[in-house]
Amino acid sequence: MNLNIDGKNENTFDAIVIGSGISGGWAAKELSEKGLKTLVLERGRDVKHNVDYPTTNMKPWEFPHHNQLPLDVVKENPIVSKCYAFKEDAQHFFVKDKEHPYVQEKPFDWIRGYQVGGKSLLWARQTQRWSDFDFEGPARDGFAVDWPIRYKDIDAWYSYVEKFAGISGNKDGLAELPDGEFLPPMEMTKVETYFRDKVAAKYKDRHVIIGRCAHITEVKPIYTEQGRVKCQHRDLCQRGCPFGGYFSSNASTIPWALKTGNMTLRPHAVVHSIIYDEQKGKAVGVRVIDSETKEATEFFARIIFVNAAALNTNLILLNSTSSRFPNGLGNDSGLLGKYVAFHNYRARVSASYDGLGNFTKSGNRPNGCYIPRFRNVRKQETDFLRGYAAGLYTSRWPQRSYEGMGEDLKANLLSPTLGPWHVSSHMMGETIPKEASTVSLDTNLKDAWGIPQLKINMDYDANDDKMVKDYLEQLTEMFTDAGFANIQTHDSHQAPGLDIHEMGGVRMGHDPKTSLLNKWNQLHACKNVFVTDGACMTSTSTQNPSLTYMALTARAVDYAVKQMNAKEL
Amino acid sequence: MKRRTALKQLGMLAGAAALLPQCVGKESVAQASIQLNTISVTQPQEQLLASIAETIIPKTTIPGAGELNVHHFALRMIDDCTEAEDQKRFLLGLSQIESASEEKIGKSFIEASADERKSFLTAAAAGTIEPTLRGDDKNSIADFYSLYRQHVIRGYLESEYVMTNVFGYNMIPGKFVGVVELNANSDLKTILG
């Protein structure tokens with residue numbers, strides 16, 4: 001290691017943010033807007049909005065393989081190839097299997113995006129608020145630990161981030177899925193509203209609503225100021241959106257932070273560990289290894305936000321050892337890396353519907369319908385804990401005959417008709433964080449930067465299996481009642497990870513003995529380090545988590561800066 | 001019989017050229033006009049593939065697959081997205097077409113009339129055209145045709161001309177309308193939404 005210690009001053013900032021994805025971008029924006037000189041460290045390359053979206057305007061036929069990946073790429077990347085978005089148009093935003101190996105103590109498909117913007121370029125953009133039915137889950141049902149916050153603590157912060165990010169949705173008035181600051185909702189198809197009404201007629205507590213998603217559906221000055229315009233319904237989001245139609249760090253928070261003049265963005269900066277000063281009793285900076293040159297550098301700041309993505313945040317803290325914290329920074333409880341969890345996306349149900357055949361849609365909708373959790377919401381009512389939300393999509397596919405040769409074949413190909421409605425749903429189940437579900441450091445294997453490889457050990461349990469069974473039964477019943485035909489149920493048995501909703505390991509809680517972070521996302525034992533990405537999650541509930549990370553981040557920054565101003569930090 | 005033997009040898013050479021490009025192909029026969037990574041196809045074979053594509057989907061008032069260079073897409077797919085075993089079968093079948101055509105219709109496929117080409121490929125699809133080289137897999141021409149046809153159809157349907165002019169592809173719809181009512185006069189663009 002060639003340690004570069006010159007120029008401590010030029011390497012000193014007010015705040016350091018590790019990671020530039022959805023939560024790191026928010027930390028960068030909030031800190032630099034509040035006047036703090038902020039260094040943002042990103043392990044991957046820079047991806048500038050629009051400039052570095054090489055495929056964004058390519059037509060389907062302009063891709064050499066019409067968006068299919070060459071076989072050698074698929075074979076070299078058995079893990080990331082499982083991800084639905086890893087195709088010719090977006091493969092450059094995914095980490096290839098060989099680039100950052102890890103140890104699967106149990107199968108885990110770790111899908112990562114190492115670049116400025118992280119996975120915010122690739123996310124599915126669903127943004128639902130949590131309610132107290134979610135925050136109160138662990139306390140009511142006796143698992144994990146009690147969340148140190150409730151809905152009232154985060155409500156205003158949801159509003160704050162929603163207004164800036166741009167969230168489209170319908171005010172549905174559901175206690176279990178609080179309404180937000182919505183831009184106009186996207187439309188539902190004829191068969192979706194038909195299904196919604198059928199479900200509502202039979203089940204008082206089941207609601208089919210249009211997804212709430214991070215897409216701009218109405219022009220407002222705050223988006224114009226960001227250089228973003230309305231979603232154009234291309235549904236090519238994973239390439240990076242030239243309109244800034246959906247929220248990403250690249251289109252929104254990072255350029256906003258840059259504009260303040262207070263942010264320094266440093267790509268290719270792999271964080272090795274956080275430096276703890278025994279005398280000062282706090283963290284003073286971070287050790288960084290340049291991903292290209294392997295040169296080591298140290299950066300210093302008064303506060304550090306760790307937003308490296310859930311599992312990499314665990315890795316950094318575990319690797320940040322000192323005599324005060326021999327088992328990882330802030331890890332007095334011994335729980336760092338434990339109680340990790342994910343979302344159960346194993347099950348799908350599909351069907352067809354012959355009715356409403358004289359209706360279709362036009363344009364593309366980068367969004368779907370959503371059925372909020374209806375199991376065990378107000379009280380325990382099944383033989384499994386917690387529940388699942390469900391996604392729902394309907395479409396009609398062109399159908400044609402592929403028979404014949406010559407002019408006959410050509411006529412068949414060029415005169416498609418519309419097939420029946422195709423209806424499909426997927427489950428998003430809450431999994432229970434358990435002490436046995438862990439991430440830890442391998443004692444031998446290192447990555448290309450000399451950092452220990454992460455060992456991942458989490459799996460489904462009997463509760464998840466029961467939930468899969470219930471989802472399949474309930475959706476089948478709802479589809480049957482609606483008169484849908486050819487109902488097919490499917491349990492993919494996919495490994496954890498492919499949901500890309502890994503959470504926990506640095507959980508929030510009231511008590512330093514049973515949690516790592518307090519209610520402000522501050523390490524109990526090292527107060528100037530904040531964790532506001534998925535690692536902080538005490539439980540997972542069923543909502544797509546990014547919106548909650550954004551709100552927690554803005555809230556934590558607000559608190560941190562107030563504490564700094566009060567000389568508490 | 002002499003002509004037949006000569007043709008067989010020619011077929012064998014073509015087959016060898018396709019299978020062992022590094023030994024024979026590059027020096028002796030001009031290569032295809034597009035860059036290929038894992039397989040090797042000669043210029044005459046490239047023309048043959050264009051002719052087969054055009055036979056599968058011919059020009060009418062709308063261009064056919066040959067004119068739209070769909071064979072280049074198909075070649076790229078076979079080159080980059082196809083298992084080695086299937087590539088081998090594709091090349092083996094391809095290498096047999098001209099000799100089989102000579103045997104079946106007495107002339108090169110490229111020189112045959114549209115009707116002759118069509119009936120030749122119909123027979124190929126039905127598996128009734130066997131390679132002239134005894135000992136080769138009897139199904140190699142049928143296998144070639146089946147694989148090639150899939151890519152030709154996909155490449156044609158996803159070509160710029162067809163997507164734009166026939167199906168009304170619009171990259172930037174600008175909006176999403178959830179409920180569109182169809183009637184007997186709805187055009188393809190409306191139907192495909």
# chains A, B, ... in the order shown; residues from 1 in each chain; ligands from 1
call {"tool": "residues_around", "arguments": {"residues": "B:Asn170", "least_positions_apart": "2", "cutoff": "10 Å", "atoms": "only C-alpha atoms", "output": "VMD selection string"}}
result
(chain A and resid 59 234 363) or (chain B and resid 163 to 164 167 to 168 172 to 174 189 193)
call {"tool": "select_by_dssp", "arguments": {"residues": "stretch 107-250 of chain A", "states": "helix (DSSP H, G or I)", "output": "short mmCIF file (atom, residue, chain, number, x, y, z; two decimals) with all heavy atoms, in the first residue's frame"}}
result
data_model
loop_
_atom_site.label_atom_id
_atom_site.label_comp_id
_atom_site.auth_asym_id
_atom_site.auth_seq_id
_atom_site.Cartn_x
_atom_site.Cartn_y
_atom_site.Cartn_z
N GLY A 118 -25.27 4.77 -8.93
CA GLY A 118 -25.51 3.42 -8.44
C GLY A 118 -26.69 2.76 -9.12
O GLY A 118 -26.84 2.85 -10.34
N LYS A 119 -27.53 2.13 -8.33
CA LYS A 119 -28.69 1.43 -8.89
C LYS A 119 -29.87 2.38 -9.11
O LYS A 119 -30.92 1.93 -9.57
CB LYS A 119 -29.10 0.28 -7.96
CG LYS A 119 -28.01 -0.80 -7.79
CD LYS A 119 -28.54 -2.06 -7.13
CE LYS A 119 -28.99 -1.88 -5.69
NZ LYS A 119 -27.88 -1.62 -4.73
N SER A 120 -29.69 3.68 -8.79
CA SER A 120 -30.82 4.59 -9.03
C SER A 120 -31.08 4.74 -10.53
O SER A 120 -32.14 5.19 -10.94
CB SER A 120 -30.57 5.97 -8.40
OG SER A 120 -29.66 6.74 -9.17
N LEU A 121 -30.10 4.35 -11.35
CA LEU A 121 -30.33 4.34 -12.80
C LEU A 121 -31.19 3.15 -13.20
O LEU A 121 -31.84 3.17 -14.24
CB LEU A 121 -28.98 4.24 -13.54
CG LEU A 121 -28.14 5.51 -13.59
CD1 LEU A 121 -26.72 5.18 -14.03
CD2 LEU A 121 -28.76 6.51 -14.54
N ASP A 132 -47.77 3.03 10.00
CA ASP A 132 -47.47 2.47 11.32
C ASP A 132 -47.74 0.97 11.38
O ASP A 132 -47.19 0.28 12.24
CB ASP A 132 -48.24 3.22 12.40
CG ASP A 132 -47.45 4.45 12.87
OD1 ASP A 132 -46.21 4.44 12.70
OD2 ASP A 132 -48.06 5.40 13.39
N PHE A 133 -48.58 0.45 10.48
CA PHE A 133 -48.75 -1.01 10.45
C PHE A 133 -47.43 -1.70 10.11
O PHE A 133 -47.22 -2.86 10.45
CB PHE A 133 -49.82 -1.41 9.43
CG PHE A 133 -51.19 -0.90 9.77
CD1 PHE A 133 -51.84 -0.01 8.93
CD2 PHE A 133 -51.83 -1.31 10.94
CE1 PHE A 133 -53.11 0.46 9.25
CE2 PHE A 133 -53.09 -0.83 11.26
CZ PHE A 133 -53.74 0.06 10.41
N ASP A 134 -46.55 -0.97 9.42
CA ASP A 134 -45.24 -1.51 9.08
C ASP A 134 -44.23 -1.26 10.20
O ASP A 134 -43.55 -2.17 10.65
CB ASP A 134 -44.74 -0.88 7.77
CG ASP A 134 -45.76 -1.04 6.66
OD1 ASP A 134 -46.10 -2.19 6.34
OD2 ASP A 134 -46.26 -0.01 6.14
N PHE A 135 -44.17 0.00 10.65
CA PHE A 135 -43.19 0.34 11.70
C PHE A 135 -43.46 -0.43 13.00
O PHE A 135 -42.55 -0.75 13.74
CB PHE A 135 -43.19 1.85 11.97
CG PHE A 135 -42.52 2.65 10.89
CD1 PHE A 135 -43.25 3.54 10.10
CD2 PHE A 135 -41.16 2.52 10.64
CE1 PHE A 135 -42.64 4.29 9.09
CE2 PHE A 135 -40.54 3.26 9.64
CZ PHE A 135 -41.29 4.14 8.86
N GLY A 137 -44.65 -3.40 13.21
CA GLY A 137 -44.62 -4.85 12.99
C GLY A 137 -43.75 -5.63 13.96
O GLY A 137 -44.23 -6.54 14.64
N PRO A 138 -42.46 -5.29 14.07
CA PRO A 138 -41.59 -6.09 14.95
C PRO A 138 -42.09 -6.09 16.40
O PRO A 138 -42.10 -7.14 17.05
CB PRO A 138 -40.23 -5.39 14.82
CG PRO A 138 -40.26 -4.75 13.47
CD PRO A 138 -41.69 -4.30 13.28
N ALA A 139 -42.52 -4.93 16.89
CA ALA A 139 -42.98 -4.86 18.28
C ALA A 139 -44.25 -5.69 18.47
O ALA A 139 -44.38 -6.46 19.42
CB ALA A 139 -43.22 -3.41 18.69
N ARG A 140 -45.18 -5.57 17.52
CA ARG A 140 -46.44 -6.29 17.67
C ARG A 140 -46.25 -7.79 17.56
O ARG A 140 -46.82 -8.57 18.31
CB ARG A 140 -47.44 -5.82 16.60
CG ARG A 140 -48.85 -6.35 16.84
CD ARG A 140 -49.75 -6.16 15.63
NE ARG A 140 -49.50 -7.18 14.59
CZ ARG A 140 -50.16 -7.23 13.44
NH1 ARG A 140 -51.08 -6.33 13.15
NH2 ARG A 140 -49.89 -8.18 12.56
N ASP A 141 -45.40 -8.18 16.58
CA ASP A 141 -45.30 -9.61 16.28
C ASP A 141 -44.09 -10.28 16.92
O ASP A 141 -43.87 -11.48 16.73
CB ASP A 141 -45.28 -9.82 14.76
CG ASP A 141 -46.61 -9.45 14.12
OD1 ASP A 141 -47.61 -9.31 14.87
OD2 ASP A 141 -46.67 -9.29 12.89
N TYR A 151 -44.53 6.47 12.08
CA TYR A 151 -44.89 7.22 10.88
C TYR A 151 -44.81 8.73 11.09
O TYR A 151 -44.36 9.47 10.22
CB TYR A 151 -46.30 6.82 10.42
CG TYR A 151 -46.70 7.49 9.14
CD1 TYR A 151 -46.05 7.18 7.94
CD2 TYR A 151 -47.70 8.47 9.11
CE1 TYR A 151 -46.39 7.81 6.75
CE2 TYR A 151 -48.04 9.10 7.93
CZ TYR A 151 -47.39 8.77 6.75
OH TYR A 151 -47.72 9.39 5.58
N LYS A 152 -45.21 9.20 12.26
CA LYS A 152 -45.20 10.66 12.51
C LYS A 152 -43.79 11.24 12.42
O LYS A 152 -43.61 12.42 12.15
CB LYS A 152 -45.83 10.98 13.86
CG LYS A 152 -45.07 10.43 15.06
CD LYS A 152 -45.67 10.89 16.38
CE LYS A 152 -45.13 10.16 17.59
NZ LYS A 152 -43.67 9.91 17.67
N ASP A 153 -42.78 10.40 12.65
CA ASP A 153 -41.39 10.88 12.60
C ASP A 153 -40.90 11.07 11.16
O ASP A 153 -39.92 11.76 10.92
CB ASP A 153 -40.46 9.89 13.31
CG ASP A 153 -40.80 9.75 14.78
OD1 ASP A 153 -40.86 10.78 15.46
OD2 ASP A 153 -41.03 8.61 15.23
N ILE A 154 -41.55 10.40 10.24
CA ILE A 154 -41.01 10.39 8.88
C ILE A 154 -41.99 10.98 7.86
O ILE A 154 -41.59 11.33 6.73
CB ILE A 154 -40.60 8.94 8.48
CG1 ILE A 154 -39.67 8.94 7.27
CG2 ILE A 154 -41.79 8.04 8.29
CD1 ILE A 154 -39.08 7.59 6.92
N ASP A 155 -43.24 11.15 8.25
CA ASP A 155 -44.29 11.67 7.37
C ASP A 155 -43.83 12.92 6.61
O ASP A 155 -43.86 12.98 5.37
CB ASP A 155 -45.54 11.96 8.23
CG ASP A 155 -46.69 12.56 7.45
OD1 ASP A 155 -46.59 12.60 6.21
OD2 ASP A 155 -47.68 12.97 8.07
N ALA A 156 -43.37 13.93 7.36
CA ALA A 156 -42.98 15.20 6.72
C ALA A 156 -41.77 15.01 5.81
O ALA A 156 -41.61 15.73 4.81
CB ALA A 156 -42.68 16.24 7.78
N TRP A 157 -40.92 14.04 6.17
CA TRP A 157 -39.72 13.81 5.33
C TRP A 157 -40.07 13.05 4.06
O TRP A 157 -39.44 13.26 3.02
CB TRP A 157 -38.65 13.09 6.14
CG TRP A 157 -38.12 14.01 7.20
CD1 TRP A 157 -38.41 13.99 8.53
CD2 TRP A 157 -37.29 15.16 6.98
NE1 TRP A 157 -37.79 15.03 9.16
CE2 TRP A 157 -37.10 15.78 8.24
CE3 TRP A 157 -36.70 15.73 5.85
CZ2 TRP A 157 -36.33 16.92 8.39
CZ3 TRP A 157 -35.92 16.86 6.00
CH2 TRP A 157 -35.75 17.45 7.25
N TYR A 158 -41.08 12.20 4.14
CA TYR A 158 -41.60 11.60 2.90
C TYR A 158 -42.06 12.73 1.97
O TYR A 158 -41.72 12.76 0.79
CB TYR A 158 -42.78 10.68 3.20
CG TYR A 158 -42.46 9.25 3.57
CD1 TYR A 158 -43.11 8.62 4.64
CD2 TYR A 158 -41.56 8.49 2.83
CE1 TYR A 158 -42.86 7.29 4.97
CE2 TYR A 158 -41.30 7.16 3.16
CZ TYR A 158 -41.95 6.57 4.22
OH TYR A 158 -41.70 5.26 4.53
N SER A 159 -42.84 13.65 2.53
CA SER A 159 -43.35 14.76 1.71
C SER A 159 -42.20 15.55 1.10
O SER A 159 -42.23 15.92 -0.07
CB SER A 159 -44.21 15.70 2.55
OG SER A 159 -45.40 15.06 2.93
N TYR A 160 -41.20 15.79 1.92
CA TYR A 160 -40.06 16.59 1.49
C TYR A 160 -39.36 15.95 0.28
O TYR A 160 -39.10 16.62 -0.72
CB TYR A 160 -39.10 16.73 2.68
CG TYR A 160 -37.85 17.52 2.39
CD1 TYR A 160 -37.87 18.91 2.36
CD2 TYR A 160 -36.63 16.86 2.15
CE1 TYR A 160 -36.72 19.63 2.11
CE2 TYR A 160 -35.48 17.59 1.89
CZ TYR A 160 -35.53 18.97 1.87
OH TYR A 160 -34.39 19.69 1.62
N VAL A 161 -39.09 14.67 0.38
CA VAL A 161 -38.37 14.04 -0.74
C VAL A 161 -39.29 13.80 -1.94
O VAL A 161 -38.85 13.89 -3.09
CB VAL A 161 -37.67 12.72 -0.32
CG1 VAL A 161 -36.60 13.00 0.72
CG2 VAL A 161 -38.63 11.66 0.17
N GLU A 162 -40.55 13.54 -1.67
CA GLU A 162 -41.48 13.30 -2.79
C GLU A 162 -41.60 14.53 -3.67
O GLU A 162 -41.61 14.43 -4.91
CB GLU A 162 -42.86 12.93 -2.23
CG GLU A 162 -42.94 11.49 -1.74
CD GLU A 162 -44.16 11.20 -0.88
OE1 GLU A 162 -44.86 12.16 -0.48
OE2 GLU A 162 -44.42 10.02 -0.60
N LYS A 163 -41.69 15.70 -3.03
CA LYS A 163 -41.87 16.93 -3.82
C LYS A 163 -40.67 17.17 -4.74
O LYS A 163 -40.83 17.67 -5.85
CB LYS A 163 -42.05 18.13 -2.89
CG LYS A 163 -43.43 18.20 -2.27
CD LYS A 163 -43.52 19.48 -1.43
CE LYS A 163 -44.56 19.33 -0.34
NZ LYS A 163 -44.38 20.33 0.72
N PHE A 164 -39.50 16.82 -4.28
CA PHE A 164 -38.30 17.07 -5.09
C PHE A 164 -38.10 15.96 -6.13
O PHE A 164 -37.75 16.23 -7.29
CB PHE A 164 -37.07 17.14 -4.18
CG PHE A 164 -35.82 17.56 -4.89
CD1 PHE A 164 -35.55 18.89 -5.13
CD2 PHE A 164 -34.90 16.59 -5.33
CE1 PHE A 164 -34.39 19.28 -5.80
CE2 PHE A 164 -33.74 16.98 -6.00
CZ PHE A 164 -33.48 18.32 -6.23
N ALA A 165 -38.32 14.72 -5.72
CA ALA A 165 -38.07 13.59 -6.63
C ALA A 165 -39.13 13.52 -7.72
O ALA A 165 -38.82 13.20 -8.87
CB ALA A 165 -38.02 12.28 -5.84
N LYS A 190 -58.39 -0.91 -19.02
CA LYS A 190 -59.79 -1.30 -18.82
C LYS A 190 -59.89 -2.57 -17.95
O LYS A 190 -60.74 -2.66 -17.08
CB LYS A 190 -60.43 -1.56 -20.20
CG LYS A 190 -61.93 -1.65 -20.17
CD LYS A 190 -62.56 -0.27 -20.06
CE LYS A 190 -64.08 -0.37 -20.11
NZ LYS A 190 -64.71 0.91 -19.75
N VAL A 191 -59.01 -3.50 -18.20
CA VAL A 191 -59.11 -4.75 -17.45
C VAL A 191 -58.58 -4.57 -16.02
O VAL A 191 -59.03 -5.24 -15.09
CB VAL A 191 -58.42 -5.92 -18.20
CG1 VAL A 191 -56.92 -5.86 -18.06
CG2 VAL A 191 -58.95 -7.26 -17.73
N GLU A 192 -57.70 -3.60 -15.83
CA GLU A 192 -57.22 -3.32 -14.47
C GLU A 192 -58.33 -2.68 -13.61
O GLU A 192 -58.51 -3.04 -12.45
CB GLU A 192 -55.98 -2.41 -14.52
CG GLU A 192 -54.73 -3.16 -15.00
CD GLU A 192 -53.59 -2.26 -15.46
OE1 GLU A 192 -53.75 -1.01 -15.47
OE2 GLU A 192 -52.52 -2.80 -15.81
N THR A 193 -59.06 -1.74 -14.19
CA THR A 193 -60.15 -1.15 -13.41
C THR A 193 -61.27 -2.17 -13.21
O THR A 193 -61.90 -2.20 -12.15
CB THR A 193 -60.71 0.13 -14.08
OG1 THR A 193 -61.01 -0.17 -15.44
CG2 THR A 193 -59.71 1.26 -14.04
N TYR A 194 -61.48 -3.02 -14.21
CA TYR A 194 -62.46 -4.11 -14.05
C TYR A 194 -62.06 -5.01 -12.88
O TYR A 194 -62.88 -5.32 -12.00
CB TYR A 194 -62.52 -4.90 -15.36
CG TYR A 194 -63.12 -6.29 -15.23
CD1 TYR A 194 -64.50 -6.47 -15.15
CD2 TYR A 194 -62.30 -7.42 -15.16
CE1 TYR A 194 -65.05 -7.74 -15.00
CE2 TYR A 194 -62.83 -8.69 -15.03
CZ TYR A 194 -64.21 -8.85 -14.95
OH TYR A 194 -64.74 -10.10 -14.80
N PHE A 195 -60.80 -5.39 -12.84
CA PHE A 195 -60.32 -6.27 -11.77
C PHE A 195 -60.40 -5.54 -10.42
O PHE A 195 -60.82 -6.12 -9.41
CB PHE A 195 -58.88 -6.71 -12.08
CG PHE A 195 -58.28 -7.64 -11.05
CD1 PHE A 195 -58.85 -8.88 -10.80
CD2 PHE A 195 -57.16 -7.27 -10.33
CE1 PHE A 195 -58.29 -9.75 -9.86
CE2 PHE A 195 -56.60 -8.13 -9.38
CZ PHE A 195 -57.17 -9.37 -9.15
N ARG A 196 -60.01 -4.28 -10.43
CA ARG A 196 -60.08 -3.48 -9.20
C ARG A 196 -61.49 -3.52 -8.61
O ARG A 196 -61.68 -3.76 -7.42
CB ARG A 196 -59.71 -2.02 -9.52
CG ARG A 196 -59.85 -1.06 -8.36
CD ARG A 196 -59.81 0.39 -8.82
NE ARG A 196 -60.98 0.71 -9.65
CZ ARG A 196 -61.08 1.79 -10.42
NH1 ARG A 196 -60.08 2.66 -10.48
NH2 ARG A 196 -62.17 2.02 -11.14
N ASP A 197 -62.49 -3.31 -9.47
CA ASP A 197 -63.88 -3.27 -9.01
C ASP A 197 -64.35 -4.64 -8.53
O ASP A 197 -65.08 -4.75 -7.55
CB ASP A 197 -64.79 -2.73 -10.12
CG ASP A 197 -64.44 -1.29 -10.47
OD1 ASP A 197 -63.73 -0.64 -9.66
OD2 ASP A 197 -64.85 -0.81 -11.55
N LYS A 198 -63.94 -5.68 -9.25
CA LYS A 198 -64.30 -7.05 -8.84
C LYS A 198 -63.74 -7.36 -7.46
O LYS A 198 -64.42 -7.93 -6.61
CB LYS A 198 -63.73 -8.06 -9.85
CG LYS A 198 -64.58 -8.22 -11.08
CD LYS A 198 -65.72 -9.17 -10.78
CE LYS A 198 -66.61 -9.34 -12.01
NZ LYS A 198 -67.86 -10.04 -11.66
N VAL A 199 -62.48 -6.99 -7.26
CA VAL A 199 -61.83 -7.27 -5.97
C VAL A 199 -62.51 -6.45 -4.86
O VAL A 199 -62.81 -6.97 -3.78
CB VAL A 199 -60.32 -6.95 -6.05
CG1 VAL A 199 -59.67 -6.97 -4.66
CG2 VAL A 199 -59.62 -7.95 -6.98
N ALA A 200 -62.78 -5.18 -5.16
CA ALA A 200 -63.39 -4.31 -4.15
C ALA A 200 -64.77 -4.81 -3.74
O ALA A 200 -65.17 -4.70 -2.58
CB ALA A 200 -63.48 -2.88 -4.69
N ALA A 201 -65.48 -5.39 -4.70
CA ALA A 201 -66.84 -5.87 -4.41
C ALA A 201 -66.81 -7.05 -3.44
O ALA A 201 -67.72 -7.24 -2.65
CB ALA A 201 -67.54 -6.25 -5.71
N LYS A 202 -65.77 -7.83 -3.52
CA LYS A 202 -65.74 -9.03 -2.68
C LYS A 202 -64.95 -8.85 -1.37
O LYS A 202 -65.34 -9.40 -0.34
CB LYS A 202 -65.15 -10.20 -3.49
CG LYS A 202 -65.07 -11.48 -2.65
CD LYS A 202 -64.85 -12.73 -3.46
CE LYS A 202 -64.69 -13.92 -2.53
NZ LYS A 202 -64.26 -15.12 -3.23
N PRO A 221 -42.10 23.94 -11.41
CA PRO A 221 -40.82 24.67 -11.42
C PRO A 221 -39.67 23.87 -10.80
O PRO A 221 -38.55 23.94 -11.29
CB PRO A 221 -41.13 25.91 -10.58
CG PRO A 221 -42.61 26.11 -10.70
CD PRO A 221 -43.21 24.74 -10.85
N ILE A 222 -39.96 23.10 -9.76
CA ILE A 222 -38.87 22.38 -9.09
C ILE A 222 -38.21 21.36 -10.02
O ILE A 222 -37.02 21.09 -9.94
CB ILE A 222 -39.36 21.72 -7.76
CG1 ILE A 222 -38.20 21.12 -6.97
CG2 ILE A 222 -40.43 20.68 -8.02
CD1 ILE A 222 -37.18 22.10 -6.49
N TYR A 223 -38.98 20.81 -10.95
CA TYR A 223 -38.39 19.85 -11.90
C TYR A 223 -37.69 20.59 -13.04
O TYR A 223 -36.63 20.16 -13.51
CB TYR A 223 -39.46 18.88 -12.43
CG TYR A 223 -40.26 18.30 -11.30
CD1 TYR A 223 -41.64 18.45 -11.23
CD2 TYR A 223 -39.61 17.65 -10.25
CE1 TYR A 223 -42.36 17.96 -10.15
CE2 TYR A 223 -40.32 17.17 -9.16
CZ TYR A 223 -41.69 17.33 -9.11
OH TYR A 223 -42.38 16.87 -8.04
N THR A 224 -38.30 21.68 -13.47
CA THR A 224 -37.67 22.49 -14.51
C THR A 224 -36.30 22.95 -14.02
O THR A 224 -35.33 22.92 -14.77
CB THR A 224 -38.56 23.71 -14.83
OG1 THR A 224 -39.90 23.24 -15.06
CG2 THR A 224 -38.06 24.44 -16.06
N GLU A 225 -36.27 23.34 -12.77
CA GLU A 225 -35.01 23.81 -12.19
C GLU A 225 -33.95 22.71 -12.16
O GLU A 225 -32.75 22.97 -12.23
CB GLU A 225 -35.28 24.29 -10.75
CG GLU A 225 -34.43 25.46 -10.34
CD GLU A 225 -34.76 25.89 -8.90
OE1 GLU A 225 -35.95 25.89 -8.52
OE2 GLU A 225 -33.81 26.20 -8.17
N CYS A 237 -36.32 3.10 -19.16
CA CYS A 237 -35.69 3.77 -18.02
C CYS A 237 -34.29 3.26 -17.70
O CYS A 237 -33.41 4.03 -17.32
CB CYS A 237 -36.58 3.63 -16.80
SG CYS A 237 -38.33 3.96 -17.12
N GLN A 238 -34.09 1.95 -17.83
CA GLN A 238 -32.83 1.34 -17.40
C GLN A 238 -31.63 1.85 -18.22
O GLN A 238 -30.49 1.61 -17.84
CB GLN A 238 -32.91 -0.19 -17.50
CG GLN A 238 -33.01 -0.75 -18.91
CD GLN A 238 -34.39 -0.64 -19.53
OE1 GLN A 238 -35.33 -0.20 -18.88
NE2 GLN A 238 -34.53 -1.04 -20.79
N ARG A 239 -31.90 2.55 -19.32
CA ARG A 239 -30.79 3.10 -20.10
C ARG A 239 -30.32 4.45 -19.58
O ARG A 239 -29.34 5.02 -20.07
CB ARG A 239 -31.24 3.29 -21.55
CG ARG A 239 -31.70 2.02 -22.23
CD ARG A 239 -32.18 2.37 -23.63
NE ARG A 239 -32.69 1.21 -24.33
CZ ARG A 239 -33.15 1.25 -25.57
NH1 ARG A 239 -33.16 2.41 -26.23
NH2 ARG A 239 -33.60 0.17 -26.16
N SER A 249 -30.22 9.61 -9.04
CA SER A 249 -29.21 10.53 -8.51
C SER A 249 -28.62 11.34 -9.65
O SER A 249 -28.36 12.54 -9.51
CB SER A 249 -28.09 9.75 -7.81
OG SER A 249 -28.58 9.00 -6.74
N ASN A 250 -28.41 10.67 -10.80
CA ASN A 250 -27.73 11.30 -11.92
C ASN A 250 -28.52 12.48 -12.49
O ASN A 250 -27.94 13.49 -12.87
CB ASN A 250 -27.51 10.27 -13.04
CG ASN A 250 -26.90 9.00 -12.51
OD1 ASN A 250 -27.55 8.28 -11.76
ND2 ASN A 250 -25.65 8.74 -12.85
#
call {"tool": "closest_atom_pairs", "arguments": {"of": "chain A", "to": "chain B", "cutoff": "7 Å", "atoms": "only C-alpha atoms", "output": "CSV"}}
result
residue,atom,partner,partner_atom,distance
A:Trp61,CA,B:Ser159,CA,5.7
A:His65,CA,B:Met77,CA,6.2
A:Pro70,CA,B:Cys81,CA,4.7
A:Leu71,CA,B:Cys81,CA,4.7
A:Glu187,CA,B:Gly178,CA,5.1
A:Met188,CA,B:Gly178,CA,5.1
A:Thr189,CA,B:Gly178,CA,4.2
A:Lys190,CA,B:Val179,CA,5.6
A:Gln232,CA,B:Gly174,CA,4.0
A:His233,CA,B:Lys175,CA,5.5
A:Arg234,CA,B:Ile172,CA,5.2
A:Asn358,CA,B:Leu182,CA,5.0
A:Phe359,CA,B:Glu181,CA,4.6
A:Thr360,CA,B:Val180,CA,5.1
A:Lys361,CA,B:Gly178,CA,4.8
A:Ser362,CA,B:Gly193,CA,4.1
A:Gly363,CA,B:Phe176,CA,4.5
A:Asn364,CA,B:Phe176,CA,5.6
A:Arg365,CA,B:Phe176,CA,6.0
A:Pro398,CA,B:Leu192,CA,6.9
A:Met405,CA,B:Ile56,CA,5.2
A:Gly406,CA,B:Ile56,CA,4.8
A:Glu407,CA,B:Pro58,CA,6.3
A:Leu409,CA,B:Ile57,CA,6.9
A:Lys410,CA,B:Ile57,CA,5.6
A:Leu418,CA,B:Ile191,CA,6.7
